[in-house]
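> Input structure: run28.pdb, which contains PDB, N, CA and C atoms.
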MODEL        1
ATOM      1  N   MET H   1       0.883-218.197 -37.442  1.00  0.00           N
ATOM      2  CA  MET H   1      -0.219-219.068 -37.136  1.00  0.00           C
ATOM      3  C   MET H   1      -0.904-219.563 -38.405  1.00  0.00           C
ATOM      4  N   ARG H   2      -0.466-219.111 -39.540  1.00  0.00           N
ATOM      5  CA  ARG H   2      -1.135-219.503 -40.782  1.00  0.00           C
ATOM      6  C   ARG H   2      -0.948-220.982 -41.101  1.00  0.00           C
ATOM      7  N   HIS H   3      -0.002-221.651 -40.449  1.00  0.00           N
ATOM      8  CA  HIS H   3       0.234-223.070 -40.710  1.00  0.00           C
ATOM      9  C   HIS H   3      -0.536-223.964 -39.741  1.00  0.00           C
ATOM     10  N   LEU H   4      -1.275-223.363 -38.829  1.00  0.00           N
ATOM     11  CA  LEU H   4      -2.061-224.132 -37.871  1.00  0.00           C
ATOM     12  C   LEU H   4      -3.516-224.177 -38.319  1.00  0.00           C
ATOM     13  N   SER H   5      -4.167-225.297 -38.055  1.00  0.00           N
ATOM     14  CA  SER H   5      -5.589-225.412 -38.378  1.00  0.00           C
ATOM     15  C   SER H   5      -6.393-224.511 -37.439  1.00  0.00           C
ATOM     16  N   SER H   6      -7.661-224.325 -37.738  1.00  0.00           N
ATOM     17  CA  SER H   6      -8.528-223.510 -36.871  1.00  0.00           C
ATOM     18  C   SER H   6      -8.589-224.077 -35.460  1.00  0.00           C
ATOM     19  N   ASP H   7      -8.695-225.411 -35.353  1.00  0.00           N
ATOM     20  CA  ASP H   7      -8.720-226.041 -34.020  1.00  0.00           C
ATOM     21  C   ASP H   7      -7.410-225.819 -33.278  1.00  0.00           C
ATOM     22  N   GLU H   8      -6.293-225.914 -34.001  1.00  0.00           N
ATOM     23  CA  GLU H   8      -4.990-225.685 -33.370  1.00  0.00           C
ATOM     24  C   GLU H   8      -4.845-224.225 -32.944  1.00  0.00           C
ATOM     25  N   GLN H   9      -5.347-223.306 -33.744  1.00  0.00           N
ATOM     26  CA  GLN H   9      -5.285-221.888 -33.378  1.00  0.00           C
ATOM     27  C   GLN H   9      -6.099-221.631 -32.113  1.00  0.00           C
ATOM     28  N   ARG H  10      -7.273-222.243 -32.017  1.00  0.00           N
ATOM     29  CA  ARG H  10      -8.094-222.104 -30.808  1.00  0.00           C
ATOM     30  C   ARG H  10      -7.373-222.687 -29.594  1.00  0.00           C
ATOM     31  N   ALA H  11      -6.787-223.867 -29.774  1.00  0.00           N
ATOM     32  CA  ALA H  11      -6.064-224.517 -28.672  1.00  0.00           C
ATOM     33  C   ALA H  11      -4.886-223.649 -28.216  1.00  0.00           C
ATOM     34  N   PHE H  12      -4.147-223.087 -29.182  1.00  0.00           N
ATOM     35  CA  PHE H  12      -3.034-222.195 -28.846  1.00  0.00           C
ATOM     36  C   PHE H  12      -3.535-220.987 -28.062  1.00  0.00           C
ATOM     37  N   THR H  13      -4.601-220.382 -28.541  1.00  0.00           N
ATOM     38  CA  THR H  13      -5.148-219.192 -27.882  1.00  0.00           C
ATOM     39  C   THR H  13      -5.558-219.496 -26.448  1.00  0.00           C
ATOM     40  N   LEU H  14      -6.266-220.599 -26.251  1.00  0.00           N
ATOM     41  CA  LEU H  14      -6.687-220.969 -24.898  1.00  0.00           C
ATOM     42  C   LEU H  14      -5.490-221.247 -23.995  1.00  0.00           C
ATOM     43  N   GLU H  15      -4.517-221.992 -24.517  1.00  0.00           N
ATOM     44  CA  GLU H  15      -3.329-222.303 -23.719  1.00  0.00           C
ATOM     45  C   GLU H  15      -2.540-221.037 -23.394  1.00  0.00           C
ATOM     46  N   LEU H  16      -2.445-220.124 -24.344  1.00  0.00           N
ATOM     47  CA  LEU H  16      -1.723-218.872 -24.115  1.00  0.00           C
ATOM     48  C   LEU H  16      -2.434-218.010 -23.073  1.00  0.00           C
ATOM     49  N   VAL H  17      -3.751-217.901 -23.164  1.00  0.00           N
ATOM     50  CA  VAL H  17      -4.509-217.110 -22.187  1.00  0.00           C
ATOM     51  C   VAL H  17      -4.331-217.696 -20.784  1.00  0.00           C
ATOM     52  N   GLU H  18      -4.381-219.025 -20.668  1.00  0.00           N
ATOM     53  CA  GLU H  18      -4.169-219.654 -19.359  1.00  0.00           C
ATOM     54  C   GLU H  18      -2.769-219.360 -18.834  1.00  0.00           C
ATOM     55  N   ALA H  19      -1.772-219.463 -19.709  1.00  0.00           N
ATOM     56  CA  ALA H  19      -0.394-219.198 -19.295  1.00  0.00           C
ATOM     57  C   ALA H  19      -0.205-217.743 -18.889  1.00  0.00           C
ATOM     58  N   LEU H  20      -0.815-216.815 -19.643  1.00  0.00           N
ATOM     59  CA  LEU H  20      -0.710-215.397 -19.291  1.00  0.00           C
ATOM     60  C   LEU H  20      -1.404-215.108 -17.963  1.00  0.00           C
ATOM     61  N   SER H  21      -2.536-215.750 -17.733  1.00  0.00           N
ATOM     62  CA  SER H  21      -3.245-215.585 -16.474  1.00  0.00           C
ATOM     63  C   SER H  21      -2.400-216.092 -15.307  1.00  0.00           C
ATOM     64  N   ASP H  22      -1.811-217.287 -15.481  1.00  0.00           N
ATOM     65  CA  ASP H  22      -0.940-217.837 -14.440  1.00  0.00           C
ATOM     66  C   ASP H  22       0.263-216.932 -14.203  1.00  0.00           C
ATOM     67  N   ALA H  23       0.850-216.423 -15.280  1.00  0.00           N
ATOM     68  CA  ALA H  23       2.021-215.553 -15.157  1.00  0.00           C
ATOM     69  C   ALA H  23       1.673-214.288 -14.385  1.00  0.00           C
ATOM     70  N   ALA H  24       0.506-213.725 -14.656  1.00  0.00           N
ATOM     71  CA  ALA H  24       0.087-212.508 -13.955  1.00  0.00           C
ATOM     72  C   ALA H  24      -0.146-212.802 -12.473  1.00  0.00           C
ATOM     73  N   GLU H  25      -0.773-213.944 -12.186  1.00  0.00           N
ATOM     74  CA  GLU H  25      -1.058-214.311 -10.798  1.00  0.00           C
ATOM     75  C   GLU H  25       0.205-214.618 -10.021  1.00  0.00           C
ATOM     76  N   LEU H  26       1.125-215.348 -10.645  1.00  0.00           N
ATOM     77  CA  LEU H  26       2.317-215.831  -9.953  1.00  0.00           C
ATOM     78  C   LEU H  26       3.536-214.956 -10.179  1.00  0.00           C
ATOM     79  N   ASP H  27       3.400-213.947 -11.023  1.00  0.00           N
ATOM     80  CA  ASP H  27       4.499-213.036 -11.351  1.00  0.00           C
ATOM     81  C   ASP H  27       5.692-213.773 -11.964  1.00  0.00           C
ATOM     82  N   ILE H  28       5.401-214.745 -12.833  1.00  0.00           N
ATOM     83  CA  ILE H  28       6.443-215.455 -13.587  1.00  0.00           C
ATOM     84  C   ILE H  28       5.987-215.569 -15.029  1.00  0.00           C
ATOM     85  N   ASP H  29       6.924-215.545 -15.949  1.00  0.00           N
ATOM     86  CA  ASP H  29       6.529-215.625 -17.355  1.00  0.00           C
ATOM     87  C   ASP H  29       7.155-216.794 -18.100  1.00  0.00           C
ATOM     88  N   VAL H  30       7.819-217.692 -17.396  1.00  0.00           N
ATOM     89  CA  VAL H  30       8.470-218.828 -18.064  1.00  0.00           C
ATOM     90  C   VAL H  30       7.438-219.716 -18.749  1.00  0.00           C
ATOM     91  N   THR H  31       6.283-219.920 -18.144  1.00  0.00           N
ATOM     92  CA  THR H  31       5.251-220.756 -18.745  1.00  0.00           C
ATOM     93  C   THR H  31       4.782-220.162 -20.064  1.00  0.00           C
ATOM     94  N   THR H  32       4.622-218.865 -20.100  1.00  0.00           N
ATOM     95  CA  THR H  32       4.191-218.189 -21.325  1.00  0.00           C
ATOM     96  C   THR H  32       5.203-218.429 -22.443  1.00  0.00           C
ATOM     97  N   ARG H  33       6.479-218.301 -22.132  1.00  0.00           N
ATOM     98  CA  ARG H  33       7.526-218.535 -23.140  1.00  0.00           C
ATOM     99  C   ARG H  33       7.497-219.976 -23.633  1.00  0.00           C
ATOM    100  N   GLU H  34       7.259-220.924 -22.721  1.00  0.00           N
ATOM    101  CA  GLU H  34       7.211-222.335 -23.105  1.00  0.00           C
ATOM    102  C   GLU H  34       6.030-222.608 -24.038  1.00  0.00           C
ATOM    103  N   VAL H  35       4.877-222.017 -23.743  1.00  0.00           N
ATOM    104  CA  VAL H  35       3.694-222.201 -24.593  1.00  0.00           C
ATOM    105  C   VAL H  35       3.978-221.666 -25.996  1.00  0.00           C
ATOM    106  N   ILE H  36       4.511-220.478 -26.070  1.00  0.00           N
ATOM    107  CA  ILE H  36       4.793-219.865 -27.370  1.00  0.00           C
ATOM    108  C   ILE H  36       5.843-220.669 -28.124  1.00  0.00           C
ATOM    109  N   ALA H  37       6.892-221.106 -27.464  1.00  0.00           N
ATOM    110  CA  ALA H  37       7.949-221.888 -28.118  1.00  0.00           C
ATOM    111  C   ALA H  37       7.405-223.213 -28.646  1.00  0.00           C
ATOM    112  N   GLY H  38       6.563-223.863 -27.868  1.00  0.00           N
ATOM    113  CA  GLY H  38       5.995-225.138 -28.302  1.00  0.00           C
ATOM    114  C   GLY H  38       5.118-224.996 -29.525  1.00  0.00           C
ATOM    115  N   TRP H  39       4.254-223.994 -29.514  1.00  0.00           N
ATOM    116  CA  TRP H  39       3.374-223.787 -30.663  1.00  0.00           C
ATOM    117  C   TRP H  39       4.138-223.266 -31.871  1.00  0.00           C
ATOM    118  N   ARG H  40       5.173-222.473 -31.640  1.00  0.00           N
ATOM    119  CA  ARG H  40       5.999-221.989 -32.755  1.00  0.00           C
ATOM    120  C   ARG H  40       6.680-223.174 -33.436  1.00  0.00           C
ATOM    121  N   ALA H  41       7.164-224.124 -32.644  1.00  0.00           N
ATOM    122  CA  ALA H  41       7.796-225.324 -33.204  1.00  0.00           C
ATOM    123  C   ALA H  41       6.786-226.123 -34.028  1.00  0.00           C
ATOM    124  N   THR H  42       5.568-226.231 -33.540  1.00  0.00           N
ATOM    125  CA  THR H  42       4.517-226.938 -34.276  1.00  0.00           C
ATOM    126  C   THR H  42       4.261-226.253 -35.619  1.00  0.00           C
ATOM    127  N   ALA H  43       4.151-224.944 -35.613  1.00  0.00           N
ATOM    128  CA  ALA H  43       3.898-224.202 -36.855  1.00  0.00           C
ATOM    129  C   ALA H  43       5.064-224.342 -37.832  1.00  0.00           C
ATOM    130  N   ARG H  44       6.298-224.331 -37.316  1.00  0.00           N
ATOM    131  CA  ARG H  44       7.465-224.466 -38.199  1.00  0.00           C
ATOM    132  C   ARG H  44       7.474-225.823 -38.892  1.00  0.00           C
ATOM    133  N   ILE H  45       7.183-226.874 -38.147  1.00  0.00           N
ATOM    134  CA  ILE H  45       7.154-228.218 -38.730  1.00  0.00           C
ATOM    135  C   ILE H  45       6.062-228.294 -39.794  1.00  0.00           C
ATOM    136  N   LYS H  46       4.885-227.762 -39.484  1.00  0.00           N
ATOM    137  CA  LYS H  46       3.767-227.845 -40.419  1.00  0.00           C
ATOM    138  C   LYS H  46       3.974-226.963 -41.649  1.00  0.00           C
ATOM    139  N   ALA H  47       4.844-225.975 -41.570  1.00  0.00           N
ATOM    140  CA  ALA H  47       5.101-225.077 -42.693  1.00  0.00           C
ATOM    141  C   ALA H  47       5.864-225.781 -43.811  1.00  0.00           C
ATOM    142  N   ASP H  48       6.589-226.827 -43.482  1.00  0.00           N
ATOM    143  CA  ASP H  48       7.372-227.565 -44.469  1.00  0.00           C
ATOM    144  C   ASP H  48       6.717-228.931 -44.675  1.00  0.00           C
ATOM    145  N   PRO H  49       6.016-229.127 -45.794  1.00  0.00           N
ATOM    146  CA  PRO H  49       5.284-230.379 -46.007  1.00  0.00           C
ATOM    147  C   PRO H  49       6.145-231.636 -45.873  1.00  0.00           C
ATOM    148  N   ALA H  50       7.382-231.587 -46.349  1.00  0.00           N
ATOM    149  CA  ALA H  50       8.259-232.761 -46.250  1.00  0.00           C
ATOM    150  C   ALA H  50       8.620-233.040 -44.789  1.00  0.00           C
ATOM    151  N   GLN H  51       8.949-232.002 -44.043  1.00  0.00           N
ATOM    152  CA  GLN H  51       9.285-232.159 -42.627  1.00  0.00           C
ATOM    153  C   GLN H  51       8.076-232.649 -41.838  1.00  0.00           C
ATOM    154  N   TYR H  52       6.908-232.128 -42.167  1.00  0.00           N
ATOM    155  CA  TYR H  52       5.689-232.522 -41.470  1.00  0.00           C
ATOM    156  C   TYR H  52       5.375-233.994 -41.738  1.00  0.00           C
ATOM    157  N   ALA H  53       5.522-234.421 -42.982  1.00  0.00           N
ATOM    158  CA  ALA H  53       5.281-235.826 -43.328  1.00  0.00           C
ATOM    159  C   ALA H  53       6.253-236.731 -42.577  1.00  0.00           C
ATOM    160  N   GLU H  54       7.511-236.318 -42.514  1.00  0.00           N
ATOM    161  CA  GLU H  54       8.524-237.108 -41.800  1.00  0.00           C
ATOM    162  C   GLU H  54       8.224-237.151 -40.300  1.00  0.00           C
ATOM    163  N   ALA H  55       7.779-236.044 -39.739  1.00  0.00           N
ATOM    164  CA  ALA H  55       7.488-235.975 -38.308  1.00  0.00           C
ATOM    165  C   ALA H  55       6.310-236.864 -37.930  1.00  0.00           C
ATOM    166  N   ARG H  56       5.441-237.133 -38.859  1.00  0.00           N
ATOM    167  CA  ARG H  56       4.257-237.961 -38.587  1.00  0.00           C
ATOM    168  C   ARG H  56       4.545-239.449 -38.661  1.00  0.00           C
ATOM    169  N   ASN H  57       5.726-239.841 -39.174  1.00  0.00           N
ATOM    170  CA  ASN H  57       6.086-241.252 -39.251  1.00  0.00           C
ATOM    171  C   ASN H  57       6.350-241.807 -37.852  1.00  0.00           C
ATOM    172  N   PRO H  58       5.948-243.054 -37.598  1.00  0.00           N
ATOM    173  CA  PRO H  58       6.209-243.654 -36.290  1.00  0.00           C
ATOM    174  C   PRO H  58       7.717-243.817 -36.060  1.00  0.00           C
ATOM    175  N   THR H  59       8.116-243.705 -34.834  1.00  0.00           N
ATOM    176  CA  THR H  59       9.528-243.867 -34.474  1.00  0.00           C
ATOM    177  C   THR H  59       9.661-244.900 -33.361  1.00  0.00           C
ATOM    178  N   THR H  60      10.862-245.406 -33.213  1.00  0.00           N
ATOM    179  CA  THR H  60      11.174-246.310 -32.108  1.00  0.00           C
ATOM    180  C   THR H  60      12.581-246.006 -31.642  1.00  0.00           C
ATOM    181  N   GLY H  61      12.872-246.360 -30.411  1.00  0.00           N
ATOM    182  CA  GLY H  61      14.228-246.214 -29.900  1.00  0.00           C
ATOM    183  C   GLY H  61      14.522-244.839 -29.343  1.00  0.00           C
ATOM    184  N   ASP H  62      15.765-244.671 -28.966  1.00  0.00           N
ATOM    185  CA  ASP H  62      16.250-243.426 -28.383  1.00  0.00           C
ATOM    186  C   ASP H  62      17.149-242.751 -29.404  1.00  0.00           C
ATOM    187  N   PHE H  63      16.818-241.532 -29.747  1.00  0.00           N
ATOM    188  CA  PHE H  63      17.592-240.811 -30.752  1.00  0.00           C
ATOM    189  C   PHE H  63      18.629-239.890 -30.129  1.00  0.00           C
ATOM    190  N   GLY H  64      18.842-240.003 -28.823  1.00  0.00           N
ATOM    191  CA  GLY H  64      19.863-239.199 -28.163  1.00  0.00           C
ATOM    192  C   GLY H  64      19.389-237.787 -27.839  1.00  0.00           C
ATOM    193  N   SER H  65      20.328-236.933 -27.524  1.00  0.00           N
ATOM    194  CA  SER H  65      19.996-235.575 -27.123  1.00  0.00           C
ATOM    195  C   SER H  65      19.548-234.750 -28.320  1.00  0.00           C
ATOM    196  N   VAL H  66      18.808-233.699 -28.020  1.00  0.00           N
ATOM    197  CA  VAL H  66      18.269-232.831 -29.057  1.00  0.00           C
ATOM    198  C   VAL H  66      18.784-231.420 -28.819  1.00  0.00           C
ATOM    199  N   GLU H  67      19.248-230.786 -29.891  1.00  0.00           N
ATOM    200  CA  GLU H  67      19.695-229.403 -29.788  1.00  0.00           C
ATOM    201  C   GLU H  67      18.495-228.495 -30.011  1.00  0.00           C
ATOM    202  N   VAL H  68      18.245-227.607 -29.072  1.00  0.00           N
ATOM    203  CA  VAL H  68      17.112-226.693 -29.167  1.00  0.00           C
ATOM    204  C   VAL H  68      17.600-225.350 -29.690  1.00  0.00           C
ATOM    205  N   THR H  69      16.910-224.855 -30.715  1.00  0.00           N
ATOM    206  CA  THR H  69      17.246-223.532 -31.252  1.00  0.00           C
ATOM    207  C   THR H  69      16.041-222.631 -31.106  1.00  0.00           C
ATOM    208  N   ALA H  70      16.289-221.369 -30.889  1.00  0.00           N
ATOM    209  CA  ALA H  70      15.185-220.419 -30.716  1.00  0.00           C
ATOM    210  C   ALA H  70      14.984-219.593 -31.938  1.00  0.00           C
TER     211      ALA H  70
ENDMDL
END
Will you turn the file into structure tokens for me?


Amino acid sequence: MRHLSSDEQRAFTLELVEALSDAAELDIDVTTREVIAGWRATARIKADPAQYAEARNPTTGDFGSVEVTA
């Protein structure tokens, strides 16, 4: 979480608490995994200044399928 701003850390915490609450109520944990994976991806991008700068550039068109790695 060291690559996330204070506001992003708060947003992650709130989203995670909501997901954990939903998981406990509904007895499913897929939402929790999705929240963590999404924020982990955000932190990874922000950890590399060159990648983060590139990710912030506007894009157009369809870049095709994306390979997801965990």

> Could you tell me which of H:Glu54, H:Glu15, H:Asp7, H:Asp48 comes closest to Ile36 in chain H if we count only C-alpha atoms?

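Result for the nearest residue to Ile36 in chain H: H:Glu15.
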
> I'd like to see the residues matched by the PyMOL selection byres ((chain H and resi 4) around 8) on this file, and ideally I'd get them as a PDB file with N, CA and C atoms, in the frame of the given file.


ATOM      1  N   MET H   1       0.883-218.197 -37.442  1.00  0.00           N
ATOM      2  CA  MET H   1      -0.219-219.068 -37.136  1.00  0.00           C
ATOM      3  C   MET H   1      -0.904-219.563 -38.405  1.00  0.00           C
ATOM      4  N   ARG H   2      -0.466-219.111 -39.540  1.00  0.00           N
ATOM      5  CA  ARG H   2      -1.135-219.503 -40.782  1.00  0.00           C
ATOM      6  C   ARG H   2      -0.948-220.982 -41.101  1.00  0.00           C
ATOM      7  N   HIS H   3      -0.002-221.651 -40.449  1.00  0.00           N
ATOM      8  CA  HIS H   3       0.234-223.070 -40.710  1.00  0.00           C
ATOM      9  C   HIS H   3      -0.536-223.964 -39.741  1.00  0.00           C
ATOM     10  N   SER H   5      -4.167-225.297 -38.055  1.00  0.00           N
ATOM     11  CA  SER H   5      -5.589-225.412 -38.378  1.00  0.00           C
ATOM     12  C   SER H   5      -6.393-224.511 -37.439  1.00  0.00           C
ATOM     13  N   SER H   6      -7.661-224.325 -37.738  1.00  0.00           N
ATOM     14  CA  SER H   6      -8.528-223.510 -36.871  1.00  0.00           C
ATOM     15  C   SER H   6      -8.589-224.077 -35.460  1.00  0.00           C
ATOM     16  N   ASP H   7      -8.695-225.411 -35.353  1.00  0.00           N
ATOM     17  CA  ASP H   7      -8.720-226.041 -34.020  1.00  0.00           C
ATOM     18  C   ASP H   7      -7.410-225.819 -33.278  1.00  0.00           C
ATOM     19  N   GLU H   8      -6.293-225.914 -34.001  1.00  0.00           N
ATOM     20  CA  GLU H   8      -4.990-225.685 -33.370  1.00  0.00           C
ATOM     21  C   GLU H   8      -4.845-224.225 -32.944  1.00  0.00           C
ATOM     22  N   GLN H   9      -5.347-223.306 -33.744  1.00  0.00           N
ATOM     23  CA  GLN H   9      -5.285-221.888 -33.378  1.00  0.00           C
ATOM     24  C   GLN H   9      -6.099-221.631 -32.113  1.00  0.00           C
ATOM     25  N   ARG H  10      -7.273-222.243 -32.017  1.00  0.00           N
ATOM     26  CA  ARG H  10      -8.094-222.104 -30.808  1.00  0.00           C
ATOM     27  C   ARG H  10      -7.373-222.687 -29.594  1.00  0.00           C
ATOM     28  N   THR H  42       5.568-226.231 -33.540  1.00  0.00           N
ATOM     29  CA  THR H  42       4.517-226.938 -34.276  1.00  0.00           C
ATOM     30  C   THR H  42       4.261-226.253 -35.619  1.00  0.00           C
ATOM     31  N   ALA H  43       4.151-224.944 -35.613  1.00  0.00           N
ATOM     32  CA  ALA H  43       3.898-224.202 -36.855  1.00  0.00           C
ATOM     33  C   ALA H  43       5.064-224.342 -37.832  1.00  0.00           C
ATOM     34  N   ARG H  44       6.298-224.331 -37.316  1.00  0.00           N
ATOM     35  CA  ARG H  44       7.465-224.466 -38.199  1.00  0.00           C
ATOM     36  C   ARG H  44       7.474-225.823 -38.892  1.00  0.00           C
ATOM     37  N   LYS H  46       4.885-227.762 -39.484  1.00  0.00           N
ATOM     38  CA  LYS H  46       3.767-227.845 -40.419  1.00  0.00           C
ATOM     39  C   LYS H  46       3.974-226.963 -41.649  1.00  0.00           C
ATOM     40  N   ALA H  47       4.844-225.975 -41.570  1.00  0.00           N
ATOM     41  CA  ALA H  47       5.101-225.077 -42.693  1.00  0.00           C
ATOM     42  C   ALA H  47       5.864-225.781 -43.811  1.00  0.00           C
TER      43      ALA H  47
END

> Quote the spacing between atom C of Gly38 in chain H and atom C of Ala19 in chain H in Å to one decimal place.

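So the answer is 13.9 Å.
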
> In terms of the shortest atom-to-atom distance over only C-alpha atoms, which of H:Ala24, H:Ile45, H:Val30, H:Val35 is closest to Ala11 in chain H?

H:Val35

> Identify, on the basis of all atoms listed in the file, every residue whose closest approach to Thr32 in chain H does not exceed 7 Å; exclude the query and any residue fewer than 6 positions from it along the same chain; express the result as a list in words.

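In the requested format, the answer is Leu16, Ala19, Leu20 and Ala23 of chain H.
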
> Taking all atoms of range 19-29 of chain H that the file lists and extending 6 Å past them on each side, where is the centre of the axis-aligned box and how long are its edges? Answer in Å to one decimal, as AutoDock Vina command-line options.


--center_x 2.0 --center_y -216.0 --center_z -14.8 --size_x 22.4 --size_y 19.0 --size_z 21.8

> Provide the CA of Ala50 in chain H to CA of Arg33 in chain H distance in Å, to one decimal place.

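Between these atoms lies a distance of 27.1 Å.
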
> Please give the complete set of residues from chain H that DSSP, run on the backbone, assigns to helix (DSSP H, G or I), formatted as a PyMOL selection string.

chain H and resi 6-26+30-47+49-55

> Quick one: pull the distance between CA of Thr31 in chain H and atom C of Gly61 in chain H, Å, one decimal.

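We find that CA of Thr31 in chain H and atom C of Gly61 in chain H lie 27.9 Å from each other.
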
> Step by step, work through what the PyMOL selection byres (((chain H and resi 68 and name CA) around 12) and name CA) selects in the shown file, and finish by giving those residues as an MDAnalysis selection string.

chainID H and resid 37:38 41 65:67 69:70

> Mind dumping the selected residues with N, CA and C atoms as a short mmCIF file (atom, residue, chain, number, x, y, z; two decimals), keeping the file's coordinate frame?


data_model
loop_
_atom_site.label_atom_id
_atom_site.label_comp_id
_atom_site.auth_asym_id
_atom_site.auth_seq_id
_atom_site.Cartn_x
_atom_site.Cartn_y
_atom_site.Cartn_z
N ALA H 37 6.89 -221.11 -27.46
CA ALA H 37 7.95 -221.89 -28.12
C ALA H 37 7.40 -223.21 -28.65
N GLY H 38 6.56 -223.86 -27.87
CA GLY H 38 6.00 -225.14 -28.30
C GLY H 38 5.12 -225.00 -29.52
N ALA H 41 7.16 -224.12 -32.64
CA ALA H 41 7.80 -225.32 -33.20
C ALA H 41 6.79 -226.12 -34.03
N SER H 65 20.33 -236.93 -27.52
CA SER H 65 20.00 -235.58 -27.12
C SER H 65 19.55 -234.75 -28.32
N VAL H 66 18.81 -233.70 -28.02
CA VAL H 66 18.27 -232.83 -29.06
C VAL H 66 18.78 -231.42 -28.82
N GLU H 67 19.25 -230.79 -29.89
CA GLU H 67 19.70 -229.40 -29.79
C GLU H 67 18.50 -228.50 -30.01
N THR H 69 16.91 -224.86 -30.72
CA THR H 69 17.25 -223.53 -31.25
C THR H 69 16.04 -222.63 -31.11
N ALA H 70 16.29 -221.37 -30.89
CA ALA H 70 15.18 -220.42 -30.72
C ALA H 70 14.98 -219.59 -31.94
#
